[in-house]
Amino acid sequence: MKKLLCVLMMATLLIGCVSPALSENLDDPDGEWGEYMDPNEAEGSVSVMDEHYGEGYAAPAEEAGQEDAAEEAGQDESAETEPAEEEAAPVAEESALQPAASAGAPEVKWTYGVSLTSLKSPWLLLVNKDNKLGEDYEPQVPMKMNKLKRTSSTTWYLEEEAGKALALMFEAASTVTSYDYVYTHSDGTQEIKTVEYEKGMTLYLESAYRSYGTQATSYYNRLERNNGVDDGYVAMPGASEHQTGLCADILDYTYRDKAMNEGFANTPEAQWMLENAASFGFVLRYPKDKEDITGIKYEPWHYRYVGKEVAQYMTLNNLCLEEFTVEYQQAMEDFAQRGGNEEEQLAYELIRLNAPPESNILEECDETGDPDVSLIF
């Protein structure tokens, strides 16, 4: 019995000595037990539990939920502390990059091949025997054309816009030193000829603005020479385009002192004008294949100013002014029937005119492999 009591006392003494030391080590995180206090604490990039179980280890659901909540709270807190202006800034910058022309586009689109702005210009005035001008009509801003080469000493005038364009065309012709043209022989055969100009091609102004009274004199003189027959070469007073100040009769050196006839079309000057006039806003007013529509004989020397956009459209589509007038007026009627608003369209075209060119990235790439960019003006 005494031995049993001794054993129990010895055991009690041993437990009392070991317990404080064990307790001290467990409470001390810097001790040799400290690294095992948190099984998920990372060592480098791999936690102790991952090292034991592999990287597929997942924290218990309760702990994972707490961690996710903490992360979300951190994100919300950072989002609240960010200035609102910084979030809106990228949007503002992006909208600033949008072309101005895209703003305010009309709901009903204008689909005709010529802008409404060009169709509203005063250069499209149609004058013929069915659309006559009054006796008092004259160009709004007449421009004296004395600086151009002329077939006579007569002082000619054109409406200012047309006059400036004609001067540019004459100047462009003067830079031509060599030109290939088609010469048609009397038997109908043709050959290509080349003409050389030492000082450049020279155009001559034969006629421009004529008043109602002057046209009346020309018309009746023509009738007298033809036994009272109107041969279609001189328009009756009020029906002549020359009264508008928007047209000019243009010849070359060989025709400057002789009667005008269809033979002028065989000259390089006539063919150069036919090829290039639209670039300056002019069209051949009375083509050979439109005599039944214009009511005027073929005049390869008579050019009418309509503006560049219209001139290029008419030339591309082989339209005389009568045909073009019917076509664009129909387009305007259709636009109105579809609910189009002319004022909105004109304002939109003005914005596009002043806006920078739009750019589009094409699928094609250049030699370096970079995508090509198309600029739309």
# chains A, B, ... in the order shown; residues from 1 in each chain; ligands from 1

call {"tool": "select_by_dssp", "arguments": {"residues": "segment 211-342 of chain A", "states": "helix (DSSP H, G or I)", "output": "number ranges by chain"}}
result
A: 212-225, 241-244, 253-255, 262-266, 268-280, 288-294, 308-316, 321-337, 342

call {"tool": "select_by_dssp", "arguments": {"residues": "segment 111-322 of chain A", "states": "strand (DSSP E or B)", "output": "PDB file with C-alpha atoms, in the first residue's frame"}}
result
ATOM      1  CA  ASN A 128     -34.322  76.062-121.832  1.00  0.00           C
ATOM      2  CA  ASN A 131     -37.851  77.266-118.472  1.00  0.00           C
ATOM      3  CA  PRO A 142     -20.444  89.294-112.294  1.00  0.00           C
ATOM      4  CA  MET A 143     -16.726  88.743-112.779  1.00  0.00           C
ATOM      5  CA  LYS A 144     -14.765  90.304-115.631  1.00  0.00           C
ATOM      6  CA  ARG A 150     -10.160  85.477-125.782  1.00  0.00           C
ATOM      7  CA  TYR A 157     -18.399  88.399-117.712  1.00  0.00           C
ATOM      8  CA  LEU A 158     -19.286  85.277-115.758  1.00  0.00           C
ATOM      9  CA  GLU A 159     -20.919  84.743-112.402  1.00  0.00           C
ATOM     10  CA  SER A 178       1.785  66.735-124.563  1.00  0.00           C
ATOM     11  CA  TYR A 179      -1.616  65.192-125.191  1.00  0.00           C
ATOM     12  CA  ASP A 180      -2.912  62.084-126.975  1.00  0.00           C
ATOM     13  CA  TYR A 181      -6.272  62.452-128.675  1.00  0.00           C
ATOM     14  CA  VAL A 182      -8.495  60.603-131.147  1.00  0.00           C
ATOM     15  CA  TYR A 183      -8.748  62.100-134.633  1.00  0.00           C
ATOM     16  CA  THR A 184     -11.739  61.045-136.744  1.00  0.00           C
ATOM     17  CA  GLN A 190     -10.000  57.015-136.373  1.00  0.00           C
ATOM     18  CA  GLU A 191      -6.405  57.267-135.287  1.00  0.00           C
ATOM     19  CA  ILE A 192      -4.649  58.312-132.112  1.00  0.00           C
ATOM     20  CA  LYS A 193      -2.481  61.384-132.490  1.00  0.00           C
ATOM     21  CA  THR A 194      -0.100  63.116-130.112  1.00  0.00           C
ATOM     22  CA  VAL A 195       0.237  66.864-129.994  1.00  0.00           C
ATOM     23  CA  GLU A 196       3.119  68.709-128.338  1.00  0.00           C
ATOM     24  CA  TYR A 204      -9.772  80.711-125.834  1.00  0.00           C
ATOM     25  CA  LEU A 205     -12.947  82.213-124.427  1.00  0.00           C
ATOM     26  CA  GLU A 206     -15.382  82.850-127.270  1.00  0.00           C
ATOM     27  CA  SER A 207     -18.482  83.893-125.339  1.00  0.00           C
ATOM     28  CA  CYS A 247     -21.710  78.985-119.112  1.00  0.00           C
ATOM     29  CA  ALA A 248     -18.966  79.715-121.614  1.00  0.00           C
ATOM     30  CA  ASP A 249     -18.134  78.905-125.197  1.00  0.00           C
ATOM     31  CA  ILE A 250     -14.498  77.760-125.344  1.00  0.00           C
ATOM     32  CA  LEU A 251     -12.390  77.182-128.462  1.00  0.00           C
ATOM     33  CA  PHE A 282     -18.195  72.072-115.617  1.00  0.00           C
ATOM     34  CA  VAL A 283     -20.193  69.761-117.869  1.00  0.00           C
ATOM     35  CA  LEU A 284     -20.637  69.668-121.631  1.00  0.00           C
ATOM     36  CA  HIS A 302     -20.397  74.975-124.714  1.00  0.00           C
ATOM     37  CA  TYR A 303     -19.612  74.251-121.032  1.00  0.00           C
ATOM     38  CA  ARG A 304     -21.880  74.901-118.091  1.00  0.00           C
ATOM     39  CA  TYR A 305     -20.866  75.340-114.449  1.00  0.00           C
TER      40      TYR A 305
END

call {"tool": "closest_residue", "arguments": {"among": "A:Val114, A:Leu319, A:Val306, A:Ile296", "to": "Glu161 of chain A", "atoms": "only C-alpha atoms"}}
result
A:Val306

call {"tool": "closest_residue", "arguments": {"among": "A:Ala265, A:Ala277, A:Val310, A:Val229", "to": "Tyr328 of chain A", "atoms": "only C-alpha atoms"}}
result
A:Val310

call {"tool": "closest_residue", "arguments": {"among": "A:Tyr219, A:Tyr286, A:Phe324, A:Trp301", "to": "Met273 of chain A", "atoms": "only C-alpha atoms"}}
result
A:Trp301

call {"tool": "closest_residue", "arguments": {"among": "A:Ser153, A:Gln243, A:Thr175, A:Asn266", "to": "Gly188 of chain A", "atoms": "only C-alpha atoms"}}
result
A:Asn266

call {"tool": "atom_distance", "arguments": {"atom1": "atom CA of Ala105 of chain A", "atom2": "atom CA of Asn317 of chain A"}}
result
27.9 Å

call {"tool": "residues_around", "arguments": {"residues": "Lys149 of chain A", "least_positions_apart": "2", "cutoff": "12 Å", "atoms": "only C-alpha atoms", "output": "tab-separated table (two decimals) with all heavy atoms, in the first residue's frame"}}
result
chain	number	residue	atom	x	y	z
A	145	MET	N	-13.75	88.73	-117.20
A	145	MET	CA	-12.88	87.63	-117.60
A	145	MET	C	-11.76	88.08	-118.56
A	145	MET	O	-11.25	87.30	-119.35
A	145	MET	CB	-13.70	86.52	-118.27
A	145	MET	CG	-14.88	86.04	-117.45
A	145	MET	SD	-14.42	85.47	-115.80
A	145	MET	CE	-13.35	84.10	-116.18
A	146	ASN	N	-11.34	89.33	-118.46
A	146	ASN	CA	-10.34	89.86	-119.39
A	146	ASN	C	-8.95	89.26	-119.23
A	146	ASN	O	-8.10	89.41	-120.12
A	146	ASN	CB	-10.25	91.39	-119.24
A	146	ASN	CG	-11.40	92.09	-119.93
A	146	ASN	OD1	-12.26	91.44	-120.53
A	146	ASN	ND2	-11.45	93.41	-119.85
A	147	LYS	N	-8.68	88.60	-118.10
A	147	LYS	CA	-7.35	88.02	-117.91
A	147	LYS	C	-7.18	86.71	-118.67
A	147	LYS	O	-6.06	86.21	-118.79
A	147	LYS	CB	-7.09	87.79	-116.42
A	147	LYS	CG	-6.94	89.09	-115.63
A	147	LYS	CD	-6.57	88.82	-114.18
A	147	LYS	CE	-6.39	90.12	-113.42
A	147	LYS	NZ	-6.02	89.89	-112.00
A	151	THR	N	-11.06	85.15	-127.98
A	151	THR	CA	-11.02	85.14	-129.46
A	151	THR	C	-11.20	86.53	-130.04
A	151	THR	O	-11.01	86.73	-131.23
A	151	THR	CB	-12.12	84.22	-130.02
A	151	THR	OG1	-13.40	84.69	-129.57
A	151	THR	CG2	-11.91	82.78	-129.56
A	152	SER	N	-11.60	87.49	-129.19
A	152	SER	CA	-11.77	88.87	-129.64
A	152	SER	C	-11.49	89.80	-128.47
A	152	SER	O	-11.20	89.36	-127.35
A	152	SER	CB	-13.19	89.10	-130.18
A	152	SER	OG	-14.13	89.02	-129.12
A	153	SER	N	-11.61	91.09	-128.72
A	153	SER	CA	-11.37	92.08	-127.66
A	153	SER	C	-12.61	92.33	-126.81
A	153	SER	O	-12.59	93.19	-125.92
A	153	SER	CB	-10.91	93.40	-128.29
A	153	SER	OG	-11.90	93.89	-129.19
A	154	THR	N	-13.67	91.61	-127.06
A	154	THR	CA	-14.91	91.79	-126.30
A	154	THR	C	-14.68	91.50	-124.81
A	154	THR	O	-14.00	90.54	-124.45
A	154	THR	CB	-16.01	90.85	-126.83
A	154	THR	OG1	-16.20	91.09	-128.22
A	154	THR	CG2	-17.31	91.07	-126.09
A	155	THR	N	-15.23	92.33	-123.95
A	155	THR	CA	-15.16	92.09	-122.51
A	155	THR	C	-16.30	91.17	-122.09
A	155	THR	O	-17.47	91.49	-122.29
A	155	THR	CB	-15.27	93.41	-121.71
A	155	THR	OG1	-14.15	94.25	-122.05
A	155	THR	CG2	-15.27	93.15	-120.21
A	156	TRP	N	-15.91	90.03	-121.55
A	156	TRP	CA	-16.91	89.04	-121.15
A	156	TRP	C	-16.99	88.95	-119.62
A	156	TRP	O	-16.00	89.17	-118.92
A	156	TRP	CB	-16.56	87.65	-121.71
A	156	TRP	CG	-16.66	87.56	-123.20
A	156	TRP	CD1	-15.64	87.40	-124.08
A	156	TRP	CD2	-17.86	87.62	-123.98
A	156	TRP	NE1	-16.12	87.35	-125.37
A	156	TRP	CE2	-17.48	87.49	-125.33
A	156	TRP	CE3	-19.21	87.79	-123.68
A	156	TRP	CZ2	-18.40	87.51	-126.38
A	156	TRP	CZ3	-20.14	87.81	-124.71
A	156	TRP	CH2	-19.73	87.67	-126.04
A	166	LEU	N	-13.50	78.63	-114.13
A	166	LEU	CA	-13.04	78.65	-115.52
A	166	LEU	C	-11.57	79.08	-115.60
A	166	LEU	O	-10.79	78.51	-116.37
A	166	LEU	CB	-13.90	79.59	-116.36
A	166	LEU	CG	-13.64	79.53	-117.87
A	166	LEU	CD1	-14.10	78.19	-118.43
A	166	LEU	CD2	-14.33	80.69	-118.60
A	167	ALA	N	-11.19	80.05	-114.79
A	167	ALA	CA	-9.80	80.50	-114.77
A	167	ALA	C	-8.87	79.36	-114.35
A	167	ALA	O	-7.77	79.19	-114.90
A	167	ALA	CB	-9.65	81.69	-113.82
A	170	PHE	N	-8.51	76.96	-117.35
A	170	PHE	CA	-7.59	77.52	-118.35
A	170	PHE	C	-6.14	77.37	-117.88
A	170	PHE	O	-5.24	77.05	-118.67
A	170	PHE	CB	-7.92	79.00	-118.59
A	170	PHE	CG	-8.96	79.23	-119.65
A	170	PHE	CD1	-10.18	78.56	-119.61
A	170	PHE	CD2	-8.75	80.11	-120.69
A	170	PHE	CE1	-11.16	78.77	-120.59
A	170	PHE	CE2	-9.71	80.33	-121.67
A	170	PHE	CZ	-10.92	79.66	-121.62
A	171	GLU	N	-5.93	77.62	-116.60
A	171	GLU	CA	-4.58	77.50	-116.05
A	171	GLU	C	-4.09	76.06	-116.11
A	171	GLU	O	-2.92	75.80	-116.44
A	171	GLU	CB	-4.57	77.99	-114.60
A	171	GLU	CG	-3.20	77.97	-113.94
A	171	GLU	CD	-3.22	78.46	-112.51
A	171	GLU	OE1	-4.29	78.93	-112.06
A	171	GLU	OE2	-2.18	78.37	-111.84
A	173	ALA	N	-5.01	73.77	-118.22
A	173	ALA	CA	-4.72	73.45	-119.63
A	173	ALA	C	-3.35	73.96	-120.04
A	173	ALA	O	-2.64	73.32	-120.83
A	173	ALA	CB	-5.80	74.04	-120.52
A	174	SER	N	-2.96	75.10	-119.50
A	174	SER	CA	-1.67	75.69	-119.88
A	174	SER	C	-0.47	74.88	-119.40
A	174	SER	O	0.65	75.10	-119.85
A	174	SER	CB	-1.57	77.12	-119.33
A	174	SER	OG	-1.45	77.12	-117.91
A	201	MET	N	-1.00	73.95	-123.53
A	201	MET	CA	-2.24	74.05	-124.27
A	201	MET	C	-2.92	75.39	-123.96
A	201	MET	O	-2.96	75.83	-122.82
A	201	MET	CB	-3.17	72.89	-123.88
A	201	MET	CG	-4.53	72.90	-124.56
A	201	MET	SD	-5.61	71.55	-123.97
A	201	MET	CE	-4.82	70.12	-124.72
A	202	THR	N	-3.46	76.01	-124.99
A	202	THR	CA	-4.12	77.31	-124.82
A	202	THR	C	-5.59	77.22	-125.19
A	202	THR	O	-5.93	76.79	-126.29
A	202	THR	CB	-3.45	78.39	-125.69
A	202	THR	OG1	-2.06	78.47	-125.37
A	202	THR	CG2	-4.09	79.75	-125.44
A	203	LEU	N	-6.44	77.63	-124.26
A	203	LEU	CA	-7.87	77.70	-124.49
A	203	LEU	C	-8.27	79.16	-124.71
A	203	LEU	O	-7.68	80.07	-124.13
A	203	LEU	CB	-8.65	77.12	-123.30
A	203	LEU	CG	-8.36	75.66	-122.94
A	203	LEU	CD1	-9.17	75.25	-121.71
A	203	LEU	CD2	-8.65	74.73	-124.11
A	204	TYR	N	-9.30	79.36	-125.51
A	204	TYR	CA	-9.77	80.71	-125.83
A	204	TYR	C	-11.25	80.85	-125.48
A	204	TYR	O	-12.07	80.01	-125.86
A	204	TYR	CB	-9.57	81.01	-127.32
A	204	TYR	CG	-8.12	81.18	-127.72
A	204	TYR	CD1	-7.33	80.07	-128.01
A	204	TYR	CD2	-7.54	82.44	-127.83
A	204	TYR	CE1	-6.00	80.20	-128.38
A	204	TYR	CE2	-6.21	82.60	-128.20
A	204	TYR	CZ	-5.45	81.48	-128.47
A	204	TYR	OH	-4.13	81.62	-128.83
A	205	LEU	N	-11.56	81.93	-124.78
A	205	LEU	CA	-12.95	82.21	-124.43
A	205	LEU	C	-13.62	82.92	-125.60
A	205	LEU	O	-13.22	84.01	-126.01
A	205	LEU	CB	-13.00	83.10	-123.18
A	205	LEU	CG	-14.39	83.50	-122.69
A	205	LEU	CD1	-15.21	82.27	-122.33
A	205	LEU	CD2	-14.26	84.44	-121.48
A	206	GLU	N	-14.66	82.30	-126.13
A	206	GLU	CA	-15.38	82.85	-127.27
A	206	GLU	C	-16.59	83.67	-126.82
A	206	GLU	O	-16.89	84.72	-127.39
A	206	GLU	CB	-15.85	81.70	-128.18
A	206	GLU	CG	-16.94	82.04	-129.17
A	206	GLU	CD	-16.50	83.03	-130.26
A	206	GLU	OE1	-15.27	83.19	-130.46
A	206	GLU	OE2	-17.38	83.62	-130.91
A	207	SER	N	-17.28	83.20	-125.78
A	207	SER	CA	-18.48	83.89	-125.34
A	207	SER	C	-18.80	83.50	-123.90
A	207	SER	O	-18.47	82.38	-123.47
A	207	SER	CB	-19.66	83.54	-126.26
A	207	SER	OG	-20.83	84.21	-125.84
A	250	ILE	N	-15.96	77.83	-125.42
A	250	ILE	CA	-14.50	77.76	-125.34
A	250	ILE	C	-13.96	77.08	-126.61
A	250	ILE	O	-14.43	76.00	-126.98
A	250	ILE	CB	-14.05	76.96	-124.10
A	250	ILE	CG1	-14.77	77.52	-122.85
A	250	ILE	CG2	-12.54	77.02	-123.92
A	250	ILE	CD1	-14.67	76.61	-121.64
A	251	LEU	N	-12.96	77.69	-127.22
A	251	LEU	CA	-12.39	77.18	-128.46
A	251	LEU	C	-10.88	77.04	-128.35
A	251	LEU	O	-10.29	77.37	-127.32
A	251	LEU	CB	-12.74	78.13	-129.62
A	251	LEU	CG	-14.24	78.33	-129.89
A	251	LEU	CD1	-14.44	79.44	-130.91
A	251	LEU	CD2	-14.88	77.03	-130.36
A	252	ASP	N	-10.28	76.56	-129.44
A	252	ASP	CA	-8.82	76.49	-129.53
A	252	ASP	C	-8.33	77.55	-130.51
A	252	ASP	O	-9.11	78.35	-131.05
A	252	ASP	CB	-8.36	75.10	-129.94
A	252	ASP	CG	-8.64	74.81	-131.40
A	252	ASP	OD1	-9.59	75.42	-131.95
A	252	ASP	OD2	-7.93	73.99	-132.00
A	253	TYR	N	-7.04	77.55	-130.78
A	253	TYR	CA	-6.44	78.56	-131.65
A	253	TYR	C	-6.99	78.48	-133.07
A	253	TYR	O	-7.25	79.50	-133.71
A	253	TYR	CB	-4.93	78.38	-131.66
A	253	TYR	CG	-4.20	79.38	-132.51
A	253	TYR	CD1	-3.91	80.66	-132.03
A	253	TYR	CD2	-3.79	79.06	-133.81
A	253	TYR	CE1	-3.24	81.59	-132.81
A	253	TYR	CE2	-3.12	79.98	-134.60
A	253	TYR	CZ	-2.85	81.25	-134.10
A	253	TYR	OH	-2.20	82.16	-134.88
A	256	ARG	N	-10.53	80.08	-133.43
A	256	ARG	CA	-10.75	81.39	-132.82
A	256	ARG	C	-11.31	82.42	-133.81
A	256	ARG	O	-11.90	83.43	-133.40
A	256	ARG	CB	-9.45	81.90	-132.19
A	256	ARG	CG	-8.44	82.42	-133.20
A	256	ARG	CD	-7.08	82.63	-132.57
A	256	ARG	NE	-6.20	83.35	-133.50
A	256	ARG	CZ	-5.60	82.79	-134.55
A	256	ARG	NH1	-5.82	81.51	-134.83
A	256	ARG	NH2	-4.82	83.52	-135.33

call {"tool": "closest_residue", "arguments": {"among": "A:Ala259, A:Leu316, A:Val326, A:Leu133", "to": "Ile293 of chain A", "atoms": "only C-alpha atoms"}}
result
A:Val326

call {"tool": "closest_residue", "arguments": {"among": "A:Leu321, A:Ala278, A:Ala336, A:Val127", "to": "Met169 of chain A", "atoms": "only C-alpha atoms"}}
result
A:Ala278

call {"tool": "decode", "arguments": {"residues": "segment 142-154 of chain A", "atoms": "all heavy atoms", "output": "JSON list (two decimals), in the first residue's frame"}}
result
[["chain", "number", "residue", "atom", "x", "y", "z"],
["A", 142, "PRO", "N", -21.17, 89.44, -111.02],
["A", 142, "PRO", "CA", -20.44, 89.29, -112.29],
["A", 142, "PRO", "C", -18.94, 89.49, -112.12],
["A", 142, "PRO", "O", -18.49, 90.32, -111.33],
["A", 142, "PRO", "CB", -21.05, 90.39, -113.18],
["A", 142, "PRO", "CG", -21.58, 91.40, -112.22],
["A", 142, "PRO", "CD", -22.01, 90.64, -111.01],
["A", 143, "MET", "N", -18.18, 88.69, -112.83],
["A", 143, "MET", "CA", -16.73, 88.74, -112.78],
["A", 143, "MET", "C", -16.18, 88.98, -114.18],
["A", 143, "MET", "O", -16.51, 88.25, -115.12],
["A", 143, "MET", "CB", -16.18, 87.42, -112.22],
["A", 143, "MET", "CG", -14.68, 87.31, -112.20],
["A", 143, "MET", "SD", -14.17, 85.68, -111.54],
["A", 143, "MET", "CE", -12.39, 85.79, -111.75],
["A", 144, "LYS", "N", -15.34, 89.99, -114.33],
["A", 144, "LYS", "CA", -14.77, 90.30, -115.63],
["A", 144, "LYS", "C", -13.70, 89.26, -115.97],
["A", 144, "LYS", "O", -12.84, 88.95, -115.15],
["A", 144, "LYS", "CB", -14.14, 91.69, -115.61],
["A", 144, "LYS", "CG", -13.66, 92.19, -116.96],
["A", 144, "LYS", "CD", -13.02, 93.58, -116.84],
["A", 144, "LYS", "CE", -14.08, 94.62, -116.52],
["A", 144, "LYS", "NZ", -13.51, 96.01, -116.56],
["A", 145, "MET", "N", -13.75, 88.73, -117.20],
["A", 145, "MET", "CA", -12.88, 87.63, -117.60],
["A", 145, "MET", "C", -11.76, 88.08, -118.56],
["A", 145, "MET", "O", -11.25, 87.30, -119.35],
["A", 145, "MET", "CB", -13.70, 86.52, -118.27],
["A", 145, "MET", "CG", -14.88, 86.04, -117.45],
["A", 145, "MET", "SD", -14.42, 85.47, -115.80],
["A", 145, "MET", "CE", -13.35, 84.10, -116.18],
["A", 146, "ASN", "N", -11.34, 89.33, -118.46],
["A", 146, "ASN", "CA", -10.34, 89.86, -119.39],
["A", 146, "ASN", "C", -8.95, 89.26, -119.23],
["A", 146, "ASN", "O", -8.10, 89.41, -120.12],
["A", 146, "ASN", "CB", -10.25, 91.39, -119.24],
["A", 146, "ASN", "CG", -11.40, 92.09, -119.93],
["A", 146, "ASN", "OD1", -12.26, 91.44, -120.53],
["A", 146, "ASN", "ND2", -11.45, 93.41, -119.85],
["A", 147, "LYS", "N", -8.68, 88.60, -118.10],
["A", 147, "LYS", "CA", -7.35, 88.02, -117.91],
["A", 147, "LYS", "C", -7.18, 86.71, -118.67],
["A", 147, "LYS", "O", -6.06, 86.21, -118.79],
["A", 147, "LYS", "CB", -7.09, 87.79, -116.42],
["A", 147, "LYS", "CG", -6.94, 89.09, -115.63],
["A", 147, "LYS", "CD", -6.57, 88.82, -114.18],
["A", 147, "LYS", "CE", -6.39, 90.12, -113.42],
["A", 147, "LYS", "NZ", -6.02, 89.89, -112.00],
["A", 148, "LEU", "N", -8.27, 86.16, -119.18],
["A", 148, "LEU", "CA", -8.19, 84.92, -119.95],
["A", 148, "LEU", "C", -7.96, 85.24, -121.42],
["A", 148, "LEU", "O", -8.31, 86.31, -121.92],
["A", 148, "LEU", "CB", -9.48, 84.11, -119.81],
["A", 148, "LEU", "CG", -9.87, 83.65, -118.40],
["A", 148, "LEU", "CD1", -11.12, 82.78, -118.47],
["A", 148, "LEU", "CD2", -8.74, 82.91, -117.71],
["A", 149, "LYS", "N", -7.37, 84.26, -122.12],
["A", 149, "LYS", "CA", -7.24, 84.40, -123.58],
["A", 149, "LYS", "C", -8.63, 84.43, -124.19],
["A", 149, "LYS", "O", -9.50, 83.64, -123.82],
["A", 149, "LYS", "CB", -6.46, 83.21, -124.15],
["A", 149, "LYS", "CG", -4.98, 83.20, -123.81],
["A", 149, "LYS", "CD", -4.21, 84.16, -124.71],
["A", 149, "LYS", "CE", -2.71, 84.00, -124.53],
["A", 149, "LYS", "NZ", -1.95, 84.91, -125.40],
["A", 150, "ARG", "N", -8.85, 85.34, -125.14],
["A", 150, "ARG", "CA", -10.16, 85.48, -125.78],
["A", 150, "ARG", "C", -10.00, 85.48, -127.29],
["A", 150, "ARG", "O", -8.93, 85.81, -127.82],
["A", 150, "ARG", "CB", -10.84, 86.77, -125.32],
["A", 150, "ARG", "CG", -11.24, 86.77, -123.86],
["A", 150, "ARG", "CD", -11.55, 88.17, -123.37],
["A", 150, "ARG", "NE", -10.34, 89.00, -123.33],
["A", 150, "ARG", "CZ", -10.32, 90.33, -123.44],
["A", 150, "ARG", "NH1", -11.47, 90.99, -123.62],
["A", 150, "ARG", "NH2", -9.19, 91.00, -123.38],
["A", 151, "THR", "N", -11.06, 85.15, -127.98],
["A", 151, "THR", "CA", -11.02, 85.14, -129.46],
["A", 151, "THR", "C", -11.20, 86.53, -130.04],
["A", 151, "THR", "O", -11.01, 86.73, -131.23],
["A", 151, "THR", "CB", -12.12, 84.22, -130.02],
["A", 151, "THR", "OG1", -13.40, 84.69, -129.57],
["A", 151, "THR", "CG2", -11.91, 82.78, -129.56],
["A", 152, "SER", "N", -11.60, 87.49, -129.19],
["A", 152, "SER", "CA", -11.77, 88.87, -129.64],
["A", 152, "SER", "C", -11.49, 89.80, -128.47],
["A", 152, "SER", "O", -11.20, 89.36, -127.35],
["A", 152, "SER", "CB", -13.19, 89.10, -130.18],
["A", 152, "SER", "OG", -14.13, 89.02, -129.12],
["A", 153, "SER", "N", -11.61, 91.09, -128.72],
["A", 153, "SER", "CA", -11.37, 92.08, -127.66],
["A", 153, "SER", "C", -12.61, 92.33, -126.81],
["A", 153, "SER", "O", -12.59, 93.19, -125.92],
["A", 153, "SER", "CB", -10.91, 93.40, -128.29],
["A", 153, "SER", "OG", -11.90, 93.89, -129.19],
["A", 154, "THR", "N", -13.67, 91.61, -127.06],
["A", 154, "THR", "CA", -14.91, 91.79, -126.30],
["A", 154, "THR", "C", -14.68, 91.50, -124.81],
["A", 154, "THR", "O", -14.00, 90.54, -124.45],
["A", 154, "THR", "CB", -16.01, 90.85, -126.83],
["A", 154, "THR", "OG1", -16.20, 91.09, -128.22],
["A", 154, "THR", "CG2", -17.31, 91.07, -126.09]]
